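Peer 1: Before we start, here is the structure in question, set down as structure tokens.
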Protein chains: 2
Amino acid sequence: MNYMLKDENAIYFECGYSCDNALYLSLRNEAFFITDSRYTIDATQHVRKAQVVINGDLYAQAAQILKNAKVKKVIFDPKEWSVAGFDRIRSQVECTFEPEMDFSHKKRIIKNDEELKLLSRAAKLGAKAFTALAAAFNAEGLGESEYRLTYKAKSILSDFGSYDLSFDPIVAINKNAAKPHATPTSKKLSWGDLLLVDAGLKYKRYCSDRTRTVFAQEGFGFGTKQTFSKQKIQKAYDTVLKAHDNAIAKARSGMKAKEVDALTRDVITKAGFGEYYVHSTGHGVGLDIHEMPYISTKSDTIIEDGMVFTIEPGIYIPNAFGIRIEDMVAMVEGKAVVL
Amino acid sequence: MNYMLKDENAIYFECGYSCDNALYLSLRNEAFFITDSRYTIDATQHVRKAQVVINGDLYAQAAQILKNAKVKKVIFDPKEWSVAGFDRIRSQVECTFEPEMDFSHKKRIIKNDEELKLLSRAAKLGAKAFTALAAAFNAEGLGESEYRLTYKAKSILSDFGSYDLSFDPIVAINKNAAKPHATPTSKKLSWGDLLLVDAGLKYKRYCSDRTRTVFAQEGFGFGTKQTFSKQKIQKAYDTVLKAHDNAIAKARSGMKAKEVDALTRDVITKAGFGEYYVHSTGHGVGLDIHEMPYISTKSDTIIEDGMVFTIEPGIYIPNAFGIRIEDMVAMVEGKAVVL
């Protein structure tokens with residue numbers, strides 16, 4: 001099997017190194033990491049199990065290698081390639097280019113022991129950051145806008161620049177939390193507000209992802225035990241927590257992903273909030289923040305040991321409030337273990 | 001002329017709004033902004049001169065519109081489109097898809113008065129941030145790693161989260177500055193070091209870009225007047241500054257871009273550093289941090305009033321030091337005006 005990769009994380013997975021201008025070819029008996037001269041030193045030091053080739057024109061170089069090797073068929077993921085880059089190669093090489101969607105993500109769906117360790121470490125650092133964030137918000141969050149609170153979250157999650165973030169954190173107050181992908185506003189935090197924080201960091205390129213929704217008051221923490229002043233919010237919160245706990249307790253290897261999704265959805269539907277649960281239960285996490293498996297109502301993917309994904313049910317009442325509770329789990333010996 | 005756009009900034013330029021999941025079609029008499037339901041409210045409020053169409057499947061929706069309008073030819077930039085996305089449309093519509101590289105960048109090469117104002121404001125905010133950064137580095141930079149200094153630069157450039165950044169800032173000490181695209185290391189700042197900072201922010205989506213290289217000592221500032229302790233560094237510094245000033249003084253509308261490039265390159269070559277000037281003189285700046293015109297040895301682009309680009313000559317001595325001085329200029333009434 002021959003394949004060519006353009007995505008940075010897909011390439012990193014193959015050879016333990018990547019950069020923002022690279023192309024990777026895996027042929028029957030050899031592999032090539034192609035990059036430009038800015039990365040000669042780093043690539044030569046870190047690329048494993050592939051020959052480093054330096055050429056400012058990645059595409060011409062890749063075409064040359066494919067021609068020299070007389071390759072007849074090469075697999076590529078059409079999501080990874082721009083029309084311009086792909087056409088540069090295709091126009092120079094006579095062979096079959098076989099599109100396979102999510103080619104690298106499929107290879108990465110089961111994590112090996114080393115990856116599980118890195119993901120576990122990322123999740124633990126992410127959890128620790130939430131503790132530090134609670135302290136910071138208690139000390140100096142009151143009266144600050146979502147913009148500033150988001151900035152504080154970035155500072156603390158990144159340990160002031162030491163870690164990359166998995167994504168821009170979401171810090172949303174009251175009705176802003178009703179948008180699953182909320183972006184910050186000038187809304188300021190008052191005690192008595194509902195506060196949702198969704199954030200993660202990268203440890204050695206592997207992502208963490210975590211969401212907590214809390215009743216913001218003096219001394220609050222990001223634990224899952226929360227008491228809201230409004231009964232309607234409390235009912236929704238308790239429902240989301242029950243759905244979250246139910247899925248973690250009952251997810252099993254061998255289930256279909258949609259059966260895991262049902263473990264959260266049934267709880268929420270039964271409580272009467274079904275129409276306000278507007279997304280899937282979760283997604284795989286690895287080098288990318290969104291990977292396989294997708295824990296959705298439609299997915300027939302069989303859950304297996306070594307898969308890592310989020311459990312993140314939510315209830316979103318437009319113009320009122322939103323609640324989401326998210327943890328990462330790994331499937332170990334048939335069961336879900338929170339990372 | 002019909003065209004279709006996928007790039008976020010290309011779309012913003014057409015209609016004054018964009019988001020991370022949008023597709024834009026401009027047909028003879030009408031234009032369409034297609035996005036998913038997460039953006040209904042924002043798109044409806046902000047999109048100008050185009051019909052907002054909500055559909056989770058952007059590509060199917062675009063194909064449908066092209067079919068209904070019986071479009072015969074549509075222009076697209078093959079750099080903007082993934083093979084997967086483009087094929088979704090092409091497979092459903094019988095018309096000629098005409099590739100035109102840099103289609104949107106070509107449209108945006110001359111800035112209008114409103115854009116010039118925004119770029120000028122961005123540059124001024126960027127310059128102000130450098131002043132604040134000097135104060136911060138003087139107060140608490142000594143002994144800090146490039147990681148931490150980069151984080152401080154991000155904090156100050158973004159005004160603690162209020163502005164997006166044009167790119168991840170470069171903060172490089174001594175020999176690390178010899179890499180034009182240096183990434184931070186654990187190297188710590190001492191007084192007496194050479195310090196290079198390349199950073200920019202976005203004001204209403206328009207980018208700033210600025211580089212200063214300084215002799216770091218108590219009370220230092222990011223002005224262009226710098227005195228280094230080592231004569232070799234001083235000679236290189238004075239050469240770069242002379243090249244920078246020469247290009248700003250002598251650039252004229254009507255010149256070819258390569259003639260502007262020669263205004264920096266000739267000074268550096270004459271001083272004996274030619275082989276250490278490893279990049280072009282500059283690049284256009286606008287919604288994207290790298291736009292047309294490219295001020296390179298090979299570019300025959302005619303410089304015109306309304307173009308905005310950087311002048312950023314440099315000298316890079318491997319394993320020793322690197323120097324770069326960069327400002328943004330706009331061509332106004334035939335001459336270069338520093339923004």
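Within each chain, counting starts at residue 1; across the structure tokens, chains are named A, B, ... in the order shown, with ligands numbered 1 upward in that order.
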What residues in chain A lie within 8 Å of chain B, counting only C-alpha atoms, written as a list in words?

Peer 2: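 The answer, sorted by residue number, is Arg38, Pro78, Lys79, Glu80, Trp81, Ser82, Val83, Ala84, Gly85, Phe86, Tyr147, Arg148, Thr150, Tyr151, Phe160, Gly161 and Ser162 of chain A.
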
Peer 1: Got a sec: who's within 10 Å of range 296-299 of chain A, counting only C-alpha atoms, leaving out chain neighbours fewer than 3 positions off, as a list of chain:residue names?

Peer 2: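 My list of contacting residues is A:Lys256, A:Ala257, A:Lys258, A:Glu259, A:Val260, A:Asp261, A:Ala262, A:Arg265, A:His279, A:Ser280, A:Thr281, A:Gly282, A:His283, A:Pro293, A:Ile302.
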
Peer 1: Could you write out that same residue set with all heavy atoms as a tab-separated table (two decimals), in the first residue's frame?

Peer 2:
```tsv
chain	number	residue	atom	x	y	z
A	256	LYS	N	-22.13	-0.29	19.71
A	256	LYS	CA	-22.02	0.67	18.62
A	256	LYS	C	-21.94	2.07	19.23
A	256	LYS	O	-22.50	2.31	20.30
A	256	LYS	CB	-23.23	0.59	17.71
A	256	LYS	CG	-23.24	-0.66	16.85
A	256	LYS	CD	-24.48	-0.71	15.96
A	256	LYS	CE	-24.39	-1.93	15.06
A	256	LYS	NZ	-25.62	-2.13	14.28
A	257	ALA	N	-21.28	2.99	18.52
A	257	ALA	CA	-21.16	4.37	19.03
A	257	ALA	C	-22.54	4.95	19.29
A	257	ALA	O	-22.75	5.67	20.27
A	257	ALA	CB	-20.38	5.23	18.03
A	258	LYS	N	-23.53	4.63	18.45
A	258	LYS	CA	-24.86	5.20	18.66
A	258	LYS	C	-25.53	4.65	19.92
A	258	LYS	O	-26.39	5.31	20.51
A	258	LYS	CB	-25.74	5.00	17.43
A	258	LYS	CG	-26.11	3.59	17.07
A	258	LYS	CD	-26.91	3.61	15.76
A	258	LYS	CE	-27.27	2.21	15.29
A	258	LYS	NZ	-27.84	2.25	13.93
A	259	GLU	N	-25.10	3.48	20.35
A	259	GLU	CA	-25.63	2.96	21.63
A	259	GLU	C	-25.05	3.74	22.80
A	259	GLU	O	-25.72	3.96	23.81
A	259	GLU	CB	-25.31	1.47	21.77
A	259	GLU	CG	-26.01	0.60	20.74
A	259	GLU	CD	-25.59	-0.86	20.87
A	259	GLU	OE1	-24.58	-1.26	20.23
A	259	GLU	OE2	-26.26	-1.61	21.60
A	260	VAL	N	-23.78	4.15	22.67
A	260	VAL	CA	-23.19	5.00	23.72
A	260	VAL	C	-23.90	6.36	23.71
A	260	VAL	O	-24.22	6.91	24.76
A	260	VAL	CB	-21.67	5.16	23.51
A	260	VAL	CG1	-21.08	6.10	24.57
A	260	VAL	CG2	-20.98	3.79	23.57
A	261	ASP	N	-24.15	6.87	22.51
A	261	ASP	CA	-24.87	8.14	22.42
A	261	ASP	C	-26.22	8.05	23.14
A	261	ASP	O	-26.63	8.96	23.86
A	261	ASP	CB	-25.08	8.54	20.95
A	261	ASP	CG	-25.79	9.87	20.82
A	261	ASP	OD1	-25.11	10.92	20.92
A	261	ASP	OD2	-27.04	9.89	20.68
A	262	ALA	N	-26.89	6.93	22.97
A	262	ALA	CA	-28.22	6.75	23.59
A	262	ALA	C	-28.13	6.78	25.11
A	262	ALA	O	-29.11	7.16	25.79
A	262	ALA	CB	-28.85	5.45	23.11
A	265	ARG	N	-28.50	10.39	25.70
A	265	ARG	CA	-29.69	10.99	25.08
A	265	ARG	C	-30.98	10.52	25.74
A	265	ARG	O	-31.91	11.32	25.95
A	265	ARG	CB	-29.70	10.70	23.57
A	265	ARG	CG	-30.56	11.67	22.75
A	265	ARG	CD	-30.20	11.64	21.27
A	265	ARG	NE	-28.80	11.91	21.03
A	265	ARG	CZ	-28.28	13.14	20.99
A	265	ARG	NH1	-29.05	14.20	21.12
A	265	ARG	NH2	-26.99	13.31	20.80
A	279	HIS	N	-26.56	18.41	20.07
A	279	HIS	CA	-25.36	17.86	19.43
A	279	HIS	C	-25.15	16.41	19.84
A	279	HIS	O	-25.97	15.84	20.55
A	279	HIS	CB	-24.13	18.73	19.74
A	279	HIS	CG	-23.86	18.93	21.21
A	279	HIS	ND1	-23.51	17.90	22.06
A	279	HIS	CD2	-23.89	20.05	21.98
A	279	HIS	CE1	-23.33	18.38	23.28
A	279	HIS	NE2	-23.57	19.68	23.27
A	280	SER	N	-24.03	15.84	19.37
A	280	SER	CA	-23.73	14.45	19.68
A	280	SER	C	-23.15	14.31	21.08
A	280	SER	O	-22.76	15.29	21.71
A	280	SER	CB	-22.71	13.92	18.68
A	280	SER	OG	-23.19	14.06	17.37
A	281	THR	N	-23.05	13.08	21.55
A	281	THR	CA	-22.52	12.82	22.88
A	281	THR	C	-21.03	13.13	22.99
A	281	THR	O	-20.56	13.57	24.05
A	281	THR	CB	-22.78	11.35	23.27
A	281	THR	OG1	-24.19	11.18	23.46
A	281	THR	CG2	-22.06	10.95	24.55
A	282	GLY	N	-20.29	12.90	21.90
A	282	GLY	CA	-18.84	13.16	22.00
A	282	GLY	C	-18.09	12.86	20.72
A	282	GLY	O	-18.69	12.52	19.70
A	283	HIS	N	-16.77	13.00	20.81
A	283	HIS	CA	-15.89	12.80	19.66
A	283	HIS	C	-14.57	12.23	20.15
A	283	HIS	O	-14.17	12.47	21.30
A	283	HIS	CB	-15.64	14.13	18.95
A	283	HIS	CG	-15.13	15.21	19.88
A	283	HIS	ND1	-13.80	15.33	20.22
A	283	HIS	CD2	-15.78	16.17	20.58
A	283	HIS	CE1	-13.66	16.35	21.08
A	283	HIS	NE2	-14.85	16.88	21.33
A	293	PRO	N	-13.53	7.91	17.37
A	293	PRO	CA	-14.89	7.69	16.88
A	293	PRO	C	-15.80	8.88	17.22
A	293	PRO	O	-15.56	9.59	18.20
A	293	PRO	CB	-15.34	6.47	17.69
A	293	PRO	CG	-14.63	6.61	19.00
A	293	PRO	CD	-13.30	7.24	18.65
A	302	ILE	N	-18.04	0.37	15.90
A	302	ILE	CA	-17.99	-0.47	17.11
A	302	ILE	C	-16.92	0.09	18.05
A	302	ILE	O	-15.77	0.29	17.65
A	302	ILE	CB	-17.62	-1.94	16.74
A	302	ILE	CG1	-18.61	-2.52	15.72
A	302	ILE	CG2	-17.55	-2.81	18.01
A	302	ILE	CD1	-20.02	-2.70	16.24
```

Peer 1: I'd like the superposed copy of chain A - fitted to chain B by least squares over all paired Cα atoms - as a compact mmCIF listing (two decimals) with C-alpha atoms, in the first residue's frame.

Peer 2:
```
# COMPACT_ATOMS: atom_id res chain seq x y z
CA MET A 1 -18.04 36.96 -14.33
CA ASN A 2 -19.00 34.28 -11.79
CA TYR A 3 -16.77 33.15 -8.96
CA MET A 4 -16.88 31.06 -5.82
CA LEU A 5 -14.85 31.60 -2.65
CA LYS A 6 -14.06 29.42 0.34
CA ASP A 7 -11.34 31.36 2.16
CA GLU A 8 -12.59 33.27 5.22
CA ASN A 9 -10.82 36.55 4.42
CA ALA A 10 -11.67 36.36 0.73
CA ILE A 11 -15.35 36.10 1.71
CA TYR A 12 -15.08 38.87 4.32
CA PHE A 13 -13.68 41.21 1.66
CA GLU A 14 -16.76 40.67 -0.53
CA CYS A 15 -19.53 41.11 1.99
CA GLY A 16 -18.17 42.44 5.29
CA TYR A 17 -18.76 39.25 7.25
CA SER A 18 -17.37 35.76 7.44
CA CYS A 19 -17.08 32.79 9.76
CA ASP A 20 -15.25 29.48 9.87
CA ASN A 21 -17.90 27.58 7.89
CA ALA A 22 -19.00 29.60 4.90
CA LEU A 23 -19.02 29.56 1.11
CA TYR A 24 -19.60 32.54 -1.16
CA LEU A 25 -20.95 32.64 -4.70
CA SER A 26 -20.89 35.74 -6.86
CA LEU A 27 -22.99 35.33 -10.01
CA ARG A 28 -23.71 37.88 -12.69
CA ASN A 29 -26.55 39.68 -10.88
CA GLU A 30 -26.61 38.23 -7.41
CA ALA A 31 -24.42 36.92 -4.65
CA PHE A 32 -24.94 34.25 -1.99
CA PHE A 33 -23.41 33.76 1.44
CA ILE A 34 -23.95 30.15 2.52
CA THR A 35 -23.39 29.05 6.11
CA ASP A 36 -24.87 26.73 8.75
CA SER A 37 -27.51 27.50 11.35
CA ARG A 38 -25.00 28.36 14.10
CA TYR A 39 -24.36 31.61 12.25
CA THR A 40 -27.88 32.55 11.13
CA ILE A 41 -28.23 35.55 13.45
CA ASP A 42 -24.77 37.02 12.89
CA ALA A 43 -24.78 36.44 9.13
CA THR A 44 -28.24 37.95 8.65
CA GLN A 45 -27.16 41.02 10.60
CA HIS A 46 -23.79 41.63 9.01
CA VAL A 47 -23.62 40.27 5.44
CA ARG A 48 -23.84 43.08 2.90
CA LYS A 49 -24.77 42.83 -0.77
CA ALA A 50 -25.42 39.08 -0.71
CA GLN A 51 -28.32 36.79 0.09
CA VAL A 52 -27.76 34.69 3.22
CA VAL A 53 -28.61 31.02 2.70
CA ILE A 54 -28.58 28.63 5.65
CA ASN A 55 -27.72 25.02 4.88
CA GLY A 56 -25.53 22.64 6.90
CA ASP A 57 -24.29 21.17 3.62
CA LEU A 58 -22.57 24.18 2.05
CA TYR A 59 -21.41 22.27 -1.00
CA ALA A 60 -24.79 20.76 -1.92
CA GLN A 61 -26.36 24.20 -1.50
CA ALA A 62 -23.75 25.86 -3.70
CA ALA A 63 -24.21 23.19 -6.37
CA GLN A 64 -27.97 23.74 -6.30
CA ILE A 65 -27.59 27.50 -6.77
CA LEU A 66 -25.13 27.05 -9.65
CA LYS A 67 -27.50 24.59 -11.33
CA ASN A 68 -30.56 26.81 -10.85
CA ALA A 69 -28.73 29.81 -12.27
CA LYS A 70 -27.54 27.70 -15.25
CA VAL A 71 -24.05 29.04 -14.77
CA LYS A 72 -21.68 28.13 -17.63
CA LYS A 73 -18.36 29.17 -16.11
CA VAL A 74 -17.22 29.85 -12.58
CA ILE A 75 -13.79 31.01 -11.40
CA PHE A 76 -12.19 29.53 -8.27
CA ASP A 77 -8.77 29.68 -6.59
CA PRO A 78 -7.43 26.12 -6.36
CA LYS A 79 -5.39 27.07 -3.27
CA GLU A 80 -8.60 27.86 -1.36
CA TRP A 81 -10.45 24.62 -1.95
CA SER A 82 -9.90 21.13 -0.61
CA VAL A 83 -10.11 18.34 -3.18
CA ALA A 84 -13.06 16.92 -1.19
CA GLY A 85 -15.08 20.16 -1.09
CA PHE A 86 -14.40 21.11 -4.69
CA ASP A 87 -15.28 17.64 -5.97
CA ARG A 88 -18.60 17.75 -4.09
CA ILE A 89 -19.61 20.73 -6.23
CA ARG A 90 -17.97 19.72 -9.49
CA SER A 91 -19.57 16.29 -9.46
CA GLN A 92 -23.04 17.88 -9.25
CA VAL A 93 -22.80 20.77 -11.70
CA GLU A 94 -22.11 20.73 -15.42
CA CYS A 95 -20.14 23.86 -16.03
CA THR A 96 -16.56 24.99 -16.56
CA PHE A 97 -14.61 25.51 -13.33
CA GLU A 98 -11.81 27.89 -14.19
CA PRO A 99 -8.86 27.85 -11.79
CA GLU A 100 -7.30 31.23 -11.10
CA MET A 101 -4.51 31.31 -8.54
CA ASP A 102 -4.67 34.18 -6.04
CA PHE A 103 -7.98 35.38 -7.45
CA SER A 104 -9.01 37.21 -4.27
CA HIS A 105 -5.50 38.42 -3.44
CA LYS A 106 -5.32 40.02 -6.89
CA LYS A 107 -8.61 41.85 -6.23
CA ARG A 108 -7.24 43.06 -2.90
CA ILE A 109 -3.79 44.27 -4.02
CA ILE A 110 -4.80 47.97 -4.07
CA LYS A 111 -6.32 49.06 -0.75
CA ASN A 112 -9.19 51.55 -0.68
CA ASP A 113 -9.30 54.51 1.71
CA GLU A 114 -11.25 52.65 4.36
CA GLU A 115 -8.75 49.78 4.28
CA LEU A 116 -5.81 52.19 4.43
CA LYS A 117 -7.33 53.71 7.58
CA LEU A 118 -7.74 50.30 9.19
CA LEU A 119 -4.21 49.22 8.27
CA SER A 120 -2.81 52.50 9.56
CA ARG A 121 -4.69 52.03 12.84
CA ALA A 122 -3.48 48.42 13.13
CA ALA A 123 0.13 49.56 12.55
CA LYS A 124 -0.17 52.31 15.15
CA LEU A 125 -1.61 49.91 17.72
CA GLY A 126 1.22 47.50 16.85
CA ALA A 127 3.83 50.22 17.42
CA LYS A 128 2.19 51.17 20.72
CA ALA A 129 2.35 47.55 21.80
CA PHE A 130 6.12 47.51 21.16
CA THR A 131 6.48 50.46 23.52
CA ALA A 132 4.47 48.63 26.18
CA LEU A 133 6.51 45.49 25.51
CA ALA A 134 9.79 47.33 26.11
CA ALA A 135 8.45 48.50 29.47
CA ALA A 136 7.37 44.96 30.38
CA PHE A 137 10.68 43.38 29.31
CA ASN A 138 12.63 46.02 31.25
CA ALA A 139 10.54 45.39 34.34
CA GLU A 140 10.36 41.62 34.27
CA GLY A 141 12.09 40.18 31.19
CA LEU A 142 15.55 39.60 32.62
CA GLY A 143 16.19 35.88 33.16
CA GLU A 144 12.95 34.85 31.42
CA SER A 145 12.96 32.22 28.64
CA GLU A 146 11.96 32.89 25.05
CA TYR A 147 8.80 30.86 25.85
CA ARG A 148 7.79 33.27 28.60
CA LEU A 149 8.88 36.35 26.66
CA THR A 150 6.79 35.17 23.71
CA TYR A 151 3.83 34.71 26.04
CA LYS A 152 4.30 38.26 27.38
CA ALA A 153 4.47 39.53 23.80
CA LYS A 154 1.19 37.74 23.00
CA SER A 155 -0.45 39.21 26.12
CA ILE A 156 0.57 42.75 25.35
CA LEU A 157 0.02 42.61 21.59
CA SER A 158 -3.48 41.23 22.10
CA ASP A 159 -4.08 43.79 24.88
CA PHE A 160 -4.77 40.82 27.11
CA GLY A 161 -7.25 39.18 24.79
CA SER A 162 -8.92 42.16 23.10
CA TYR A 163 -7.18 41.80 19.72
CA ASP A 164 -6.38 38.79 17.58
CA LEU A 165 -2.77 38.46 16.55
CA SER A 166 -1.55 38.59 12.96
CA PHE A 167 0.65 35.54 13.73
CA ASP A 168 2.50 33.98 16.67
CA PRO A 169 5.11 36.56 17.68
CA ILE A 170 8.80 35.79 17.25
CA VAL A 171 10.97 36.63 20.26
CA ALA A 172 14.51 35.41 19.61
CA ILE A 173 17.77 35.91 21.47
CA ASN A 174 21.28 36.01 19.94
CA LYS A 175 21.87 33.01 17.62
CA ASN A 176 18.18 32.04 17.72
CA ALA A 177 17.52 35.26 15.84
CA ALA A 178 19.58 33.84 12.97
CA LYS A 179 16.53 31.77 11.95
CA PRO A 180 14.11 34.06 10.08
CA HIS A 181 11.18 31.93 11.36
CA ALA A 182 12.53 31.22 14.84
CA THR A 183 10.33 29.31 17.29
CA PRO A 184 10.83 29.91 21.03
CA THR A 185 13.32 27.94 23.14
CA SER A 186 14.24 27.82 26.80
CA LYS A 187 17.08 30.35 26.20
CA LYS A 188 16.90 33.06 28.84
CA LEU A 189 17.37 36.79 28.38
CA SER A 190 20.48 38.44 29.83
CA TRP A 191 21.44 42.09 29.56
CA GLY A 192 23.90 42.43 26.72
CA ASP A 193 21.96 40.01 24.48
CA LEU A 194 20.71 40.76 21.02
CA LEU A 195 16.89 40.56 21.05
CA LEU A 196 14.71 40.31 17.95
CA VAL A 197 10.92 40.76 18.16
CA ASP A 198 8.63 40.30 15.14
CA ALA A 199 4.95 40.76 15.98
CA GLY A 200 1.61 42.13 14.83
CA LEU A 201 -2.04 42.39 15.77
CA LYS A 202 -5.33 42.62 13.91
CA TYR A 203 -7.56 45.67 14.06
CA LYS A 204 -11.01 44.93 12.64
CA ARG A 205 -9.46 41.95 10.86
CA TYR A 206 -6.64 43.98 9.23
CA CYS A 207 -3.10 42.96 10.16
CA SER A 208 -0.08 44.83 11.45
CA ASP A 209 3.50 43.56 11.14
CA ARG A 210 6.65 45.02 12.71
CA THR A 211 10.15 43.82 13.61
CA ARG A 212 12.80 45.39 15.77
CA THR A 213 16.23 44.11 16.77
CA VAL A 214 17.76 45.66 19.87
CA PHE A 215 20.66 45.53 22.28
CA ALA A 216 18.95 44.40 25.49
CA GLN A 217 20.17 46.35 28.49
CA GLU A 218 18.56 48.18 31.35
CA GLY A 219 16.26 50.86 30.01
CA PHE A 220 16.35 49.65 26.39
CA GLY A 221 13.61 50.62 23.92
CA PHE A 222 12.47 49.32 20.52
CA GLY A 223 13.62 52.38 18.58
CA THR A 224 15.79 51.88 15.50
CA LYS A 225 18.78 53.66 17.06
CA GLN A 226 20.70 50.83 18.73
CA THR A 227 24.24 50.46 20.03
CA PHE A 228 25.61 46.92 20.29
CA SER A 229 28.70 45.98 22.27
CA LYS A 230 30.14 43.88 19.42
CA GLN A 231 31.45 45.69 16.39
CA LYS A 232 30.49 42.96 13.94
CA ILE A 233 26.87 43.08 15.10
CA GLN A 234 26.86 46.86 14.93
CA LYS A 235 28.15 46.80 11.36
CA ALA A 236 25.42 44.35 10.33
CA TYR A 237 22.79 46.36 12.21
CA ASP A 238 23.78 49.64 10.61
CA THR A 239 23.71 47.96 7.21
CA VAL A 240 20.19 46.59 7.71
CA LEU A 241 18.94 49.96 8.96
CA LYS A 242 20.52 51.74 5.99
CA ALA A 243 18.89 49.23 3.59
CA HIS A 244 15.52 49.67 5.34
CA ASP A 245 15.72 53.48 5.25
CA ASN A 246 16.97 53.50 1.66
CA ALA A 247 13.98 51.48 0.41
CA ILE A 248 11.48 53.64 2.29
CA ALA A 249 13.06 56.83 0.97
CA LYS A 250 13.38 55.72 -2.65
CA ALA A 251 10.43 53.38 -3.34
CA ARG A 252 8.16 54.93 -5.99
CA SER A 253 4.88 54.01 -7.60
CA GLY A 254 5.65 52.85 -11.14
CA MET A 255 8.70 50.83 -10.08
CA LYS A 256 8.70 47.07 -10.44
CA ALA A 257 8.59 45.19 -7.12
CA LYS A 258 12.05 43.78 -7.88
CA GLU A 259 13.40 47.31 -8.17
CA VAL A 260 12.12 48.02 -4.66
CA ASP A 261 13.74 44.78 -3.53
CA ALA A 262 17.03 45.99 -5.01
CA LEU A 263 16.84 49.13 -2.84
CA THR A 264 17.50 46.98 0.23
CA ARG A 265 19.53 44.21 -1.41
CA ASP A 266 22.11 46.44 -3.07
CA VAL A 267 22.97 48.14 0.24
CA ILE A 268 23.43 44.81 2.00
CA THR A 269 25.37 43.21 -0.86
CA LYS A 270 27.67 46.22 -1.15
CA ALA A 271 28.47 45.96 2.58
CA GLY A 272 29.51 42.33 2.04
CA PHE A 273 26.53 40.65 3.71
CA GLY A 274 24.68 39.65 0.54
CA GLU A 275 24.81 35.89 1.18
CA TYR A 276 23.28 36.38 4.64
CA TYR A 277 20.18 38.17 3.35
CA VAL A 278 18.19 35.02 2.75
CA HIS A 279 14.69 36.31 2.05
CA SER A 280 12.73 38.92 0.10
CA THR A 281 12.41 42.58 1.05
CA GLY A 282 8.75 42.30 2.00
CA HIS A 283 5.17 41.23 1.35
CA GLY A 284 1.78 42.86 1.06
CA VAL A 285 -0.35 43.11 4.21
CA GLY A 286 -4.12 43.32 4.50
CA LEU A 287 -6.74 40.90 5.76
CA ASP A 288 -4.03 38.24 5.39
CA ILE A 289 -0.62 38.75 6.86
CA HIS A 290 0.95 37.69 3.56
CA GLU A 291 -0.68 39.19 0.48
CA MET A 292 0.35 40.73 -2.81
CA PRO A 293 2.55 42.50 -3.77
CA TYR A 294 5.59 40.35 -2.97
CA ILE A 295 8.73 42.51 -2.94
CA SER A 296 11.16 39.91 -4.25
CA THR A 297 14.07 39.71 -6.68
CA LYS A 298 11.82 38.04 -9.26
CA SER A 299 8.62 40.08 -9.11
CA ASP A 300 7.70 42.23 -12.11
CA THR A 301 4.57 43.54 -10.34
CA ILE A 302 4.27 47.29 -10.87
CA ILE A 303 4.03 49.13 -7.55
CA GLU A 304 0.99 51.43 -7.43
CA ASP A 305 -0.58 53.94 -5.08
CA GLY A 306 -2.76 52.16 -2.50
CA MET A 307 -0.51 49.14 -2.14
CA VAL A 308 0.54 48.29 1.42
CA PHE A 309 3.58 46.14 2.08
CA THR A 310 6.45 45.54 4.48
CA ILE A 311 10.06 46.64 4.11
CA GLU A 312 12.01 44.11 6.17
CA PRO A 313 15.62 43.56 5.18
CA GLY A 314 17.70 41.24 7.36
CA ILE A 315 21.14 39.74 7.90
CA TYR A 316 21.38 36.24 9.40
CA ILE A 317 24.76 34.86 10.49
CA PRO A 318 24.18 31.14 11.31
CA ASN A 319 24.97 30.20 14.92
CA ALA A 320 25.85 33.82 15.73
CA PHE A 321 23.04 36.35 15.38
CA GLY A 322 20.26 37.68 13.17
CA ILE A 323 19.03 41.18 12.50
CA ARG A 324 15.80 42.33 10.88
CA ILE A 325 14.09 45.73 10.87
CA GLU A 326 10.56 45.84 9.51
CA ASP A 327 7.94 48.50 8.94
CA MET A 328 4.73 48.60 6.94
CA VAL A 329 4.43 51.22 4.22
CA ALA A 330 1.57 52.45 2.06
CA MET A 331 2.19 53.94 -1.37
CA VAL A 332 0.64 57.42 -1.32
CA GLU A 333 1.04 60.01 -4.09
CA GLY A 334 3.87 58.00 -5.56
CA LYS A 335 5.93 57.56 -2.37
CA ALA A 336 6.20 55.13 0.54
CA VAL A 337 4.65 56.37 3.77
CA VAL A 338 5.40 54.42 6.95
CA LEU A 339 2.16 53.33 8.63
```

Peer 1: Could you pull out the helix (DSSP H, G or I) residues of range 73-319 of chain B from DSSP and send them as an MDAnalysis selection string?

Peer 2: chainID B and resid 83:90 103:107 113:140 146:157 174:178 231:250 257:270 274:276

Peer 1: Could you please write out, as JSON, numbers by chain, every residue of range 89-313 of chain B that DSSP assigns to strand (DSSP E)?

Peer 2: {"B": [96, 97, 98, 99, 170, 171, 172, 173, 194, 195, 196, 197, 198, 199, 202, 203, 206, 207, 210, 211, 212, 213, 214, 215, 282, 283, 284, 291, 292, 293, 294, 295, 308, 309, 310, 311]}
